[in-house]
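File shown: input07.cif. Contents: mmCIF, C-alpha atoms (C1' of nucleotides).
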data_work
#
loop_
_atom_site.label_atom_id
_atom_site.label_comp_id
_atom_site.auth_asym_id
_atom_site.auth_seq_id
_atom_site.Cartn_x
_atom_site.Cartn_y
_atom_site.Cartn_z
CA MET A 27 35.31 -17.21 -5.63
CA SER A 28 31.84 -15.87 -6.23
CA SER A 29 30.88 -16.37 -9.83
CA ALA A 30 27.99 -14.71 -11.59
CA ARG A 31 25.96 -17.76 -10.70
CA ASP A 32 26.72 -17.54 -7.04
CA THR A 33 23.45 -18.06 -5.25
CA SER A 34 24.22 -16.02 -2.15
CA ALA A 35 25.46 -13.11 -4.23
CA MET A 36 22.21 -13.16 -6.17
CA THR A 37 20.19 -13.25 -2.96
CA ASP A 38 22.16 -10.33 -1.65
CA ARG A 39 21.62 -8.28 -4.77
CA ILE A 40 17.87 -8.83 -4.61
CA LEU A 41 17.84 -8.01 -0.94
CA ARG A 42 19.82 -4.81 -1.31
CA THR A 43 17.52 -3.66 -4.08
CA ALA A 44 14.43 -4.52 -2.05
CA ASP A 45 15.90 -2.64 0.89
CA ARG A 46 16.36 0.54 -1.07
CA LEU A 47 12.94 0.42 -2.72
CA PHE A 48 10.97 -0.73 0.32
CA TYR A 49 12.64 1.78 2.57
CA GLU A 50 12.47 4.82 0.31
CA GLN A 51 9.08 4.27 -1.31
CA GLY A 52 7.24 2.08 1.15
CA ILE A 53 6.64 -1.65 1.23
CA ARG A 54 3.17 -1.60 -0.23
CA ALA A 55 4.08 0.97 -2.84
CA VAL A 56 6.73 -1.28 -4.37
CA GLY A 57 5.74 -4.33 -6.39
CA VAL A 58 7.71 -7.49 -6.85
CA ASP A 59 8.10 -6.70 -10.55
CA LEU A 60 9.89 -3.48 -9.73
CA VAL A 61 12.25 -5.13 -7.26
CA ALA A 62 13.17 -7.77 -9.82
CA ALA A 63 13.65 -5.23 -12.61
CA GLU A 64 15.80 -2.90 -10.49
CA ALA A 65 17.87 -5.82 -9.28
CA GLY A 66 18.45 -6.85 -12.89
CA VAL A 67 16.88 -10.21 -12.22
CA SER A 68 13.91 -12.02 -13.66
CA LYS A 69 10.84 -12.30 -11.51
CA ARG A 70 11.13 -16.07 -11.58
CA THR A 71 14.58 -15.87 -10.07
CA LEU A 72 13.34 -13.62 -7.33
CA TYR A 73 10.65 -16.15 -6.46
CA ASN A 74 13.27 -18.88 -6.48
CA HIS A 75 15.18 -17.03 -3.77
CA PHE A 76 12.21 -15.84 -1.72
CA PRO A 77 8.99 -17.85 -1.60
CA SER A 78 6.76 -14.77 -1.35
CA LYS A 79 6.79 -11.03 -1.02
CA ASP A 80 6.08 -11.38 2.69
CA ALA A 81 9.22 -13.46 3.06
CA LEU A 82 11.14 -10.77 1.20
CA ILE A 83 9.76 -8.15 3.56
CA VAL A 84 10.82 -10.16 6.59
CA ALA A 85 14.30 -10.69 5.13
CA TYR A 86 14.53 -6.96 4.41
CA LEU A 87 13.77 -6.09 8.02
CA GLN A 88 16.06 -8.78 9.40
CA ARG A 89 18.88 -7.39 7.33
CA ARG A 90 18.22 -3.95 8.81
CA ALA A 91 18.20 -5.30 12.34
CA ARG A 92 21.93 -5.48 12.85
CA PRO A 93 22.66 -5.27 16.56
CA ALA A 94 24.72 -2.36 17.85
CA ARG A 95 28.10 -3.14 19.35
CA ILE A 96 29.31 -2.42 22.81
CA THR A 97 32.89 -1.31 23.31
CA ASP A 98 35.04 -0.55 26.36
CA GLU A 99 34.59 3.18 26.01
CA PRO A 100 32.67 5.02 28.70
CA PRO A 101 28.93 4.30 28.34
CA GLN A 102 28.07 7.98 28.03
CA THR A 103 30.48 8.33 25.14
CA GLN A 104 28.93 5.46 23.24
CA ILE A 105 25.37 6.61 23.85
CA LEU A 106 25.96 10.24 23.00
CA ARG A 107 27.89 9.31 19.89
CA LEU A 108 24.84 7.42 18.66
CA PHE A 109 22.77 10.57 19.01
CA GLU A 110 25.47 12.70 17.45
CA ARG A 111 25.55 10.53 14.38
CA LEU A 112 21.83 10.89 13.87
CA GLU A 113 21.91 14.30 12.27
CA ALA A 114 24.02 13.18 9.33
CA GLY A 115 21.73 10.21 8.80
CA PHE A 116 18.64 12.41 8.85
CA ALA A 117 20.18 14.67 6.22
CA GLU A 118 20.87 11.85 3.78
CA ARG A 119 18.88 11.90 0.60
CA GLY A 120 17.26 8.52 1.09
CA PHE A 121 16.28 8.99 4.72
CA HIS A 122 12.71 7.89 5.30
CA GLY A 123 12.24 7.32 9.00
CA CYS A 124 12.52 4.09 10.94
CA PRO A 125 12.03 1.06 8.69
CA PHE A 126 10.54 -0.95 11.55
CA VAL A 127 8.00 1.66 12.56
CA ASN A 128 7.12 2.17 8.91
CA ALA A 129 6.66 -1.54 8.35
CA VAL A 130 4.35 -1.91 11.34
CA ALA A 131 2.40 1.13 10.19
CA GLU A 132 2.01 -0.25 6.67
CA LEU A 133 1.15 -3.83 7.51
CA GLY A 134 -2.24 -3.66 9.12
CA GLU A 135 -2.52 -7.28 10.23
CA PRO A 136 -1.20 -7.75 13.76
CA THR A 137 -0.11 -11.29 12.92
CA HIS A 138 2.32 -10.37 10.17
CA PRO A 139 5.73 -11.86 10.96
CA ALA A 140 7.38 -8.53 10.18
CA ARG A 141 5.90 -7.14 13.37
CA ALA A 142 7.85 -9.62 15.44
CA VAL A 143 11.08 -8.64 13.70
CA ALA A 144 10.37 -4.99 14.42
CA LYS A 145 9.51 -5.66 18.03
CA ASP A 146 12.63 -7.75 18.56
CA PHE A 147 14.84 -5.07 17.07
CA LYS A 148 13.42 -2.37 19.31
CA ALA A 149 13.81 -4.63 22.32
CA GLU A 150 17.40 -5.35 21.38
CA ARG A 151 18.26 -1.71 21.06
CA ARG A 152 16.62 -0.93 24.36
CA ALA A 153 18.76 -3.70 25.84
CA TRP A 154 21.83 -2.06 24.32
CA PHE A 155 21.01 1.15 26.15
CA GLN A 156 20.29 -0.75 29.34
CA THR A 157 23.56 -2.65 29.33
CA LEU A 158 25.44 0.60 28.96
CA VAL A 159 23.60 2.56 31.63
CA GLU A 160 23.90 -0.38 34.01
CA ARG A 161 27.65 0.10 33.80
CA MET A 162 27.12 3.63 35.01
CA GLY A 163 25.49 2.29 38.15
CA VAL A 164 22.36 4.39 37.82
CA ALA A 165 19.38 3.80 40.09
CA ASP A 166 16.87 2.59 37.50
CA PRO A 167 18.63 1.37 34.36
CA ARG A 168 15.46 -0.08 32.84
CA MET A 169 13.67 3.23 33.02
CA LEU A 170 16.62 5.23 31.75
CA ALA A 171 17.19 2.83 28.85
CA THR A 172 13.54 3.14 27.84
CA GLN A 173 13.72 6.90 28.00
CA LEU A 174 16.81 7.03 25.82
CA ALA A 175 15.12 4.74 23.31
CA LEU A 176 12.11 7.06 23.32
CA LEU A 177 14.29 10.03 22.50
CA LEU A 178 15.86 8.12 19.65
CA ASP A 179 12.56 6.99 18.14
CA GLY A 180 11.09 10.43 18.64
CA ALA A 181 13.97 12.07 16.84
CA ILE A 182 13.56 9.72 13.88
CA SER A 183 9.83 10.40 13.63
CA ALA A 184 10.30 14.14 13.97
CA ALA A 185 13.00 14.17 11.32
CA LEU A 186 10.80 12.19 8.97
CA VAL A 187 7.75 14.39 9.29
CA GLY A 188 9.40 17.73 9.98
CA GLY A 189 12.27 17.26 7.57
CA ASP A 190 14.74 19.09 9.81
CA PRO A 191 17.82 17.03 10.73
CA LYS A 192 18.65 19.41 13.55
CA VAL A 193 16.14 17.77 15.87
CA ALA A 194 18.97 15.32 16.44
CA ARG A 195 20.72 17.95 18.55
CA ALA A 196 17.70 18.41 20.77
CA ALA A 197 17.57 14.65 21.25
CA ARG A 198 21.27 14.53 22.05
CA ASP A 199 20.98 17.30 24.62
CA ALA A 200 17.99 15.68 26.27
CA ALA A 201 19.82 12.36 26.38
CA SER A 202 22.83 14.08 27.87
CA LEU A 203 20.67 15.66 30.55
CA LEU A 204 19.03 12.37 31.42
CA LEU A 205 22.41 10.65 31.65
CA THR A 206 24.02 13.39 33.71
CA THR A 207 21.15 13.55 36.14
CA ALA A 208 21.04 9.79 36.59
CA LYS A 209 24.80 9.65 37.04
CA ARG A 210 24.84 12.41 39.63
CA ARG A 211 22.18 10.60 41.60
CA ALA A 212 24.10 7.35 41.32
CA VAL A 213 27.29 8.94 42.59
CA ARG A 214 25.57 10.65 45.50
CA LYS A 215 23.70 7.61 46.67
CA MET B 15 -32.90 19.58 10.98
CA SER B 16 -30.48 17.34 9.24
CA SER B 17 -32.34 15.03 6.93
CA ALA B 18 -31.01 11.85 5.41
CA ARG B 19 -30.10 13.96 2.41
CA ASP B 20 -28.03 16.40 4.43
CA THR B 21 -24.82 16.81 2.53
CA SER B 22 -22.57 17.67 5.46
CA ALA B 23 -23.86 14.74 7.49
CA MET B 24 -23.08 12.43 4.59
CA THR B 25 -19.60 13.88 4.25
CA ASP B 26 -19.05 13.42 7.94
CA ARG B 27 -20.18 9.82 7.86
CA ILE B 28 -17.81 9.00 5.03
CA LEU B 29 -15.00 10.80 6.78
CA ARG B 30 -15.54 9.05 10.09
CA THR B 31 -15.56 5.69 8.35
CA ALA B 32 -12.41 6.53 6.39
CA ASP B 33 -10.76 7.65 9.62
CA ARG B 34 -11.39 4.36 11.35
CA LEU B 35 -10.31 2.21 8.41
CA PHE B 36 -7.32 4.28 7.33
CA TYR B 37 -6.04 4.57 10.86
CA GLU B 38 -6.51 0.99 11.97
CA GLN B 39 -5.59 -0.83 8.77
CA GLY B 40 -3.41 1.64 6.91
CA ILE B 41 -4.16 4.04 4.09
CA ARG B 42 -2.91 1.87 1.27
CA ALA B 43 -4.45 -1.26 2.72
CA VAL B 44 -7.95 0.20 2.53
CA GLY B 45 -9.67 0.65 -0.80
CA VAL B 46 -12.30 3.18 -1.72
CA ASP B 47 -14.83 0.39 -2.18
CA LEU B 48 -14.41 -0.68 1.41
CA VAL B 49 -14.78 2.84 2.77
CA ALA B 50 -17.99 3.33 0.78
CA ALA B 51 -19.42 -0.03 1.82
CA GLU B 52 -18.62 0.46 5.51
CA ALA B 53 -20.09 3.95 5.41
CA GLY B 54 -23.26 2.55 3.89
CA VAL B 55 -22.83 4.74 0.85
CA SER B 56 -22.43 4.03 -2.83
CA LYS B 57 -19.03 4.56 -4.34
CA ARG B 58 -20.50 7.15 -6.67
CA THR B 59 -21.62 9.20 -3.69
CA LEU B 60 -18.21 8.99 -2.11
CA TYR B 61 -16.67 10.36 -5.27
CA ASN B 62 -19.28 13.12 -5.32
CA HIS B 63 -18.07 14.24 -1.89
CA PHE B 64 -14.35 13.74 -2.44
CA PRO B 65 -12.82 14.09 -5.87
CA SER B 66 -10.20 11.38 -5.29
CA LYS B 67 -8.80 9.05 -2.69
CA ASP B 68 -5.92 11.46 -2.16
CA ALA B 69 -8.41 14.18 -1.26
CA LEU B 70 -10.05 11.79 1.18
CA ILE B 71 -6.68 11.05 2.74
CA VAL B 72 -5.97 14.74 3.17
CA ALA B 73 -9.40 15.34 4.70
CA TYR B 74 -8.84 12.42 7.05
CA LEU B 75 -5.59 13.89 8.32
CA GLN B 76 -7.00 17.39 8.58
CA ARG B 77 -9.80 16.05 10.72
CA ARG B 78 -7.24 14.42 13.00
CA ALA B 79 -5.24 17.62 13.31
CA ARG B 80 -7.34 19.32 15.95
CA PRO B 81 -5.18 21.80 17.82
CA ALA B 82 -4.66 21.31 21.55
CA ARG B 83 -6.04 23.95 23.86
CA ILE B 84 -4.19 26.09 26.33
CA THR B 85 -5.77 26.85 29.70
CA ASP B 86 -4.82 29.00 32.65
CA GLU B 87 -3.52 26.08 34.64
CA PRO B 88 0.20 25.88 35.40
CA PRO B 89 2.12 24.88 32.27
CA GLN B 90 3.67 21.87 33.93
CA THR B 91 0.24 20.57 34.86
CA GLN B 92 -1.02 20.81 31.32
CA ILE B 93 2.06 19.21 29.82
CA LEU B 94 2.30 16.36 32.28
CA ARG B 95 -1.39 15.66 31.97
CA LEU B 96 -0.91 15.15 28.24
CA PHE B 97 1.71 12.50 28.96
CA GLU B 98 -0.39 10.93 31.69
CA ARG B 99 -3.29 10.48 29.32
CA LEU B 100 -1.13 8.66 26.80
CA GLU B 101 -1.15 5.30 28.54
CA ALA B 102 -4.91 4.90 28.30
CA GLY B 103 -4.78 5.83 24.63
CA PHE B 104 -2.03 3.32 23.93
CA ALA B 105 -4.08 0.59 25.58
CA GLU B 106 -7.14 1.20 23.42
CA ARG B 107 -8.06 -1.55 21.03
CA GLY B 108 -7.81 0.57 17.90
CA PHE B 109 -4.49 2.24 18.73
CA HIS B 110 -2.18 2.17 15.75
CA GLY B 111 0.49 4.78 16.28
CA CYS B 112 0.59 8.35 15.04
CA PRO B 113 -1.64 8.82 12.00
CA PHE B 114 0.62 11.54 10.64
CA VAL B 115 3.81 9.56 10.91
CA ASN B 116 2.05 6.55 9.44
CA ALA B 117 0.74 8.59 6.52
CA VAL B 118 4.17 9.99 5.69
CA ALA B 119 5.62 6.51 5.95
CA GLU B 120 3.01 5.04 3.63
CA LEU B 121 2.98 7.76 1.00
CA GLY B 122 6.33 7.56 -0.65
CA GLU B 123 6.09 10.63 -2.85
CA PRO B 124 7.53 13.69 -1.08
CA THR B 125 5.07 15.95 -2.90
CA HIS B 126 1.93 14.35 -1.55
CA PRO B 127 -0.25 17.04 0.06
CA ALA B 128 -0.78 14.81 3.09
CA ARG B 129 2.83 15.42 4.05
CA ALA B 130 2.17 19.12 4.48
CA VAL B 131 -0.80 18.41 6.74
CA ALA B 132 1.35 16.11 8.86
CA LYS B 133 4.17 18.62 9.05
CA ASP B 134 1.82 21.44 10.01
CA PHE B 135 0.27 19.37 12.75
CA LYS B 136 3.60 18.48 14.27
CA ALA B 137 4.69 22.11 14.09
CA GLU B 138 1.49 23.20 15.77
CA ARG B 139 1.91 20.77 18.61
CA ARG B 140 5.50 21.81 19.08
CA ALA B 141 4.23 25.40 19.27
CA TRP B 142 1.75 24.31 21.94
CA PHE B 143 4.63 23.00 24.05
CA GLN B 144 6.65 26.12 23.38
CA THR B 145 3.90 28.51 24.40
CA LEU B 146 3.53 26.67 27.67
CA VAL B 147 7.21 26.43 28.54
CA GLU B 148 7.69 30.08 27.65
CA ARG B 149 5.29 30.87 30.47
CA MET B 150 7.64 29.05 32.77
CA GLY B 151 10.39 31.46 31.86
CA VAL B 152 12.87 28.76 30.93
CA ALA B 153 16.15 29.60 29.26
CA ASP B 154 15.60 27.94 25.91
CA PRO B 155 11.90 27.34 25.29
CA ARG B 156 12.39 26.31 21.67
CA MET B 157 14.78 23.55 22.63
CA LEU B 158 12.68 22.34 25.52
CA ALA B 159 9.51 22.31 23.41
CA THR B 160 11.27 20.24 20.75
CA GLN B 161 12.51 17.80 23.36
CA LEU B 162 9.06 17.34 24.85
CA ALA B 163 7.66 16.74 21.37
CA LEU B 164 10.38 14.14 20.79
CA LEU B 165 9.40 12.29 23.93
CA LEU B 166 5.77 12.30 22.84
CA ASP B 167 6.49 11.00 19.33
CA GLY B 168 8.93 8.47 20.70
CA ALA B 169 6.38 7.13 23.14
CA ILE B 170 3.82 6.72 20.37
CA SER B 171 6.28 4.84 18.16
CA ALA B 172 7.46 2.64 21.01
CA ALA B 173 3.90 1.81 22.00
CA LEU B 174 3.04 0.92 18.44
CA VAL B 175 5.96 -1.40 17.86
CA GLY B 176 6.48 -2.70 21.37
CA GLY B 177 2.82 -2.99 22.25
CA ASP B 178 3.37 -1.97 25.86
CA PRO B 179 1.34 1.07 26.96
CA LYS B 180 3.53 1.52 30.02
CA VAL B 181 6.21 3.30 28.00
CA ALA B 182 3.96 6.32 28.55
CA ARG B 183 5.18 6.45 32.14
CA ALA B 184 8.80 6.56 31.10
CA ALA B 185 7.98 9.41 28.77
CA ARG B 186 6.10 11.23 31.48
CA ASP B 187 8.97 10.89 33.92
CA ALA B 188 11.50 12.08 31.37
CA ALA B 189 9.29 15.05 30.52
CA SER B 190 8.95 15.82 34.20
CA LEU B 191 12.71 15.73 34.62
CA LEU B 192 13.28 18.04 31.65
CA LEU B 193 10.69 20.47 32.95
CA THR B 194 11.98 20.44 36.50
CA THR B 195 15.58 20.94 35.43
CA ALA B 196 14.70 23.80 33.11
CA LYS B 197 12.55 25.43 35.75
CA ARG B 198 15.22 25.21 38.40
CA ARG B 199 17.71 26.83 36.09
CA ALA B 200 15.19 29.54 35.23
CA VAL B 201 14.56 30.34 38.89
CA ARG B 202 18.24 30.43 39.75
CA LYS B 203 19.20 32.69 36.91
"C1'" DC C 9 29.94 -34.31 -24.64
"C1'" DG C 10 25.72 -34.51 -22.68
"C1'" DT C 11 23.13 -33.70 -18.35
"C1'" DT C 12 21.68 -30.57 -15.15
"C1'" DG C 13 20.91 -26.64 -12.42
"C1'" DA C 14 19.95 -21.90 -12.65
"C1'" DG C 15 19.16 -18.12 -15.12
"C1'" DT C 16 16.10 -15.27 -18.87
"C1'" DA C 17 11.90 -13.32 -21.22
"C1'" DA C 18 7.21 -13.11 -21.68
"C1'" DA C 19 2.67 -14.48 -21.25
"C1'" DC C 20 -0.84 -15.61 -18.21
"C1'" DA C 21 -4.35 -16.32 -14.24
"C1'" DG C 22 -7.03 -14.29 -11.05
"C1'" DG C 23 -7.55 -10.76 -8.10
"C1'" DT C 24 -7.76 -5.77 -6.54
"C1'" DC C 25 -7.25 -0.96 -7.21
"C1'" DT C 26 -9.01 3.87 -8.62
"C1'" DG C 27 -12.17 6.17 -11.03
"C1'" DT C 28 -16.22 6.62 -14.56
"C1'" DG C 29 -20.47 5.68 -16.95
"C1'" DT C 30 -25.31 4.39 -17.06
"C1'" DA C 31 -29.87 3.85 -15.58
"C1'" DG C 32 -33.27 4.31 -12.30
"C1'" DC C 33 -35.27 5.68 -7.66
"C1'" DT C 34 -36.72 9.05 -4.15
"C1'" DA C 35 -37.46 13.09 -1.55
"C1'" DC C 36 -37.77 17.95 -1.60
"C1'" DG C 37 -38.76 22.71 -3.41
"C1'" DA C 38 -41.05 25.81 -6.69
"C1'" DT D 26 -47.47 18.25 -9.43
"C1'" DC D 27 -43.41 18.24 -11.69
"C1'" DG D 28 -38.43 19.00 -12.08
"C1'" DT D 29 -34.29 18.09 -10.28
"C1'" DA D 30 -30.57 17.15 -7.08
"C1'" DG D 31 -28.70 13.50 -4.92
"C1'" DC D 32 -28.73 8.92 -3.93
"C1'" DT D 33 -28.38 3.61 -5.32
"C1'" DA D 34 -26.80 -0.37 -7.91
"C1'" DC D 35 -23.92 -2.17 -11.05
"C1'" DA D 36 -21.03 -2.69 -14.88
"C1'" DC D 37 -16.93 -1.24 -16.84
"C1'" DA D 38 -12.14 0.52 -18.21
"C1'" DG D 39 -7.55 0.29 -17.46
"C1'" DA D 40 -3.97 -0.25 -14.52
"C1'" DC D 41 -1.38 -2.90 -11.24
"C1'" DC D 42 -0.70 -6.70 -7.98
"C1'" DT D 43 1.15 -11.48 -6.61
"C1'" DG D 44 2.50 -15.64 -8.13
"C1'" DT D 45 2.80 -19.42 -11.94
"C1'" DT D 46 3.74 -21.35 -16.25
"C1'" DT D 47 6.15 -22.06 -20.53
"C1'" DA D 48 9.87 -22.20 -23.50
"C1'" DC D 49 14.46 -21.11 -24.11
"C1'" DT D 50 19.61 -20.18 -22.97
"C1'" DC D 51 23.88 -20.93 -20.94
"C1'" DA D 52 27.68 -22.35 -17.98
"C1'" DA D 53 29.63 -25.92 -14.99
"C1'" DC D 54 30.75 -30.65 -14.18
"C1'" DG D 55 31.23 -35.71 -14.39
#
As structure tokens:
Amino acid sequence: MSSARDTSAMTDRILRTADRLFYEQGIRAVGVDLVAAEAGVSKRTLYNHFPSKDALIVAYLQRRARPARITDEPPQTQILRLFERLEAGFAERGFHGCPFVNAVAELGEPTHPARAVAKDFKAERRAWFQTLVERMGVADPRMLATQLALLLDGAISAALVGGDPKVARAARDAASLLLTTAKRRAVRK
Amino acid sequence: MSSARDTSAMTDRILRTADRLFYEQGIRAVGVDLVAAEAGVSKRTLYNHFPSKDALIVAYLQRRARPARITDEPPQTQILRLFERLEAGFAERGFHGCPFVNAVAELGEPTHPARAVAKDFKAERRAWFQTLVERMGVADPRMLATQLALLLDGAISAALVGGDPKVARAARDAASLLLTTAKRRAVRK
DNA sequence: CGTTGAGTAAACAGGTCTGTGTAGCTACGA
DNA sequence: TCGTAGCTACACAGACCTGTTTACTCAACG
């Protein structure tokens, strides 16, 4: 059972609060005091669970970096479904762009450990695309995976700045075109 | 002649300094004191030229928002050249992503005037794409322009986080494919 | 039943931030 | 030549930041 004193539950509560505040208001805009107060936790407790704000930032990004799953469905289905789900996400109240891009933008120092977390996540997602398009037998899966990742990141940026969730459809259609073209070439080869 | 007392020259010096610091280190990471010191100007003078840091931020973004030009060259040439020039820009030492996306990410408040500047710039660049693809007589110029803008924004984000300027080539190739496909359909119609 | 681990509240240290106030210097125009 | 606009230097107010310290409370466990 997880009692009120459960350490991991406390950590999770702090982390979920930090996630919401960091993501919606920006990492630098949110102080440690606010995170502790919103989590209903004393500042001392927060510092007992995370040695510094930087460590909290890294944990926040790591928590966001859950890898996507690969199923037995057709690759095109899985990829296009990702794009189709974007629009609803963009329309959510708390949507504020890509947390990894935002973190890199906010943290000027190139040595900040958060940058590595962001880079790894983007690489992992690109690998997810690549694994799927490899199953399609396309000519250049690395290139196609990169291009699909570009469309995804571009849609997120455009939705953040432009505020119109419908850009997701343009991204989906472009992805569909890229996939169809690559597939046709693969079949004909 | 522009003397040392020339007001507009002073404004420009402050603004160029703010541009470099805000862009490379982040808006929130750079204080007004630093901008004044690096510009070789007293803080009092800075505040005589810009009423607040927010005003300086807005001026910084407005200065970045120079509209792209349209020439008589073939639309495809102009568009692809934009993508081809990306790689060199990504490889520059000071490259730090899209200043407009970064600003929106850093400034949590949705009412900040910088957001409007960013939104206008993105809309203007999308319009640049649209004007060009309309000349090609494609079926859906609005959609195609949005998709090209997505590829551009995606490439910038990917280059920022991933640190590899070569993503520009993937973006260029995807743009080329979108353009070619749309053109073929336009010709056949 | 007492020790202990983990929490709370609140003050504090030392730094940085935006923005203002004060006092004096300097170059230019009438 | 004198006034003044615009600059400099510097101190300051007041807020906020990260991180620590102090003193206290409370529940679990041997």
Got a sec: who's within 10 Å of DA38 (chain D), counting all atoms listed in the file, leaving out chain neighbours fewer than 4 positions off, as JSON, numbers by chain? {"C": [27, 28, 29]}
Reference answer for the PyMOL selection byres ((chain C and resi 33) around 9), as a PyMOL selection string: (chain C and resi 32+34) or (chain D and resi 32-33)
I'd like the neighbourhood of DG15 (chain C) as a PyMOL selection string, where a residue qualifies if any of its atoms comes within 12 Å (using all atoms listed in the file), though same-chain residues fewer than 6 positions away should be ignored. (chain A and resi 30-33+36+66-72+74) or (chain D and resi 49-52)
Assuming the chain letters and numbering stay as they are in my file, what does the PyMOL selection byres ((chain B) within 8 of (chain A)) actually select? List them as a PyMOL selection string. chain B and resi 38-43+110-111+114-116+118-123+129+132-133+136-137+157-158+160-161+163-169+171-172+174-176+181+184-185+188+191-192
C-alpha atoms of the current selection, written as a JSON list (two decimals), keeping the file's coordinate frame:
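What follows is the written file out.json:
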[["chain", "number", "residue", "atom", "x", "y", "z"],
["B", 38, "GLU", "CA", -6.51, 0.99, 11.97],
["B", 39, "GLN", "CA", -5.59, -0.83, 8.77],
["B", 40, "GLY", "CA", -3.41, 1.64, 6.91],
["B", 41, "ILE", "CA", -4.16, 4.04, 4.09],
["B", 42, "ARG", "CA", -2.91, 1.87, 1.27],
["B", 43, "ALA", "CA", -4.45, -1.26, 2.72],
["B", 110, "HIS", "CA", -2.18, 2.17, 15.75],
["B", 111, "GLY", "CA", 0.49, 4.78, 16.28],
["B", 114, "PHE", "CA", 0.62, 11.54, 10.64],
["B", 115, "VAL", "CA", 3.81, 9.56, 10.91],
["B", 116, "ASN", "CA", 2.05, 6.55, 9.44],
["B", 118, "VAL", "CA", 4.17, 9.99, 5.69],
["B", 119, "ALA", "CA", 5.62, 6.51, 5.95],
["B", 120, "GLU", "CA", 3.01, 5.04, 3.63],
["B", 121, "LEU", "CA", 2.98, 7.76, 1.00],
["B", 122, "GLY", "CA", 6.33, 7.56, -0.65],
["B", 123, "GLU", "CA", 6.09, 10.63, -2.85],
["B", 129, "ARG", "CA", 2.83, 15.42, 4.05],
["B", 132, "ALA", "CA", 1.35, 16.11, 8.86],
["B", 133, "LYS", "CA", 4.17, 18.62, 9.05],
["B", 136, "LYS", "CA", 3.60, 18.48, 14.27],
["B", 137, "ALA", "CA", 4.69, 22.11, 14.09],
["B", 157, "MET", "CA", 14.78, 23.55, 22.63],
["B", 158, "LEU", "CA", 12.68, 22.34, 25.52],
["B", 160, "THR", "CA", 11.27, 20.24, 20.75],
["B", 161, "GLN", "CA", 12.51, 17.80, 23.36],
["B", 163, "ALA", "CA", 7.66, 16.74, 21.37],
["B", 164, "LEU", "CA", 10.38, 14.14, 20.79],
["B", 165, "LEU", "CA", 9.40, 12.29, 23.93],
["B", 166, "LEU", "CA", 5.77, 12.30, 22.84],
["B", 167, "ASP", "CA", 6.49, 11.00, 19.33],
["B", 168, "GLY", "CA", 8.93, 8.47, 20.70],
["B", 169, "ALA", "CA", 6.38, 7.13, 23.14],
["B", 171, "SER", "CA", 6.28, 4.84, 18.16],
["B", 172, "ALA", "CA", 7.46, 2.64, 21.01],
["B", 174, "LEU", "CA", 3.04, 0.92, 18.44],
["B", 175, "VAL", "CA", 5.96, -1.40, 17.86],
["B", 176, "GLY", "CA", 6.48, -2.70, 21.37],
["B", 181, "VAL", "CA", 6.21, 3.30, 28.00],
["B", 184, "ALA", "CA", 8.80, 6.56, 31.10],
["B", 185, "ALA", "CA", 7.98, 9.41, 28.77],
["B", 188, "ALA", "CA", 11.50, 12.08, 31.37],
["B", 191, "LEU", "CA", 12.71, 15.73, 34.62],
["B", 192, "LEU", "CA", 13.28, 18.04, 31.65]]
Please report as a PyMOL selection string which residues of chain A come no farther than 8 Å from chain D, using only C-alpha atoms (C1' of nucleotides). chain A and resi 57-58+79
Return as a PyMOL selection string the set of residues that the PyMOL selection byres ((chain B and resi 88-100) around 6) yields on the displayed structure. chain B and resi 87+101-103+146+182+186
Mind giving me the straight-line distance from CA of Ala140 (chain A) to CA of Arg95 (chain A) in Å, one decimal? 23.3 Å
Taking all atoms listed in the file into account and nothing else, which residues of chain C lie no more than 10 Å away from chain B? Please answer as a ChimeraX atom specification. /C:24-28,35-36
What is the distance between C1' of DT30 (chain C) and CA of Asp26 (chain B), in Å to one decimal?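 Computing the Euclidean distance for C1' of DT30 (chain C) and CA of Asp26 (chain B) yields 27.3 Å.
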Of the listed residues A:Arg90, A:Arg119, A:His75, A:Arg151, that which approaches DA14 (chain C) most closely, counting all atoms listed in the file: A:His75
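Between CA of Ala212 (chain A) and CA of Val164 (chain A) lies a distance of 4.9 Å.
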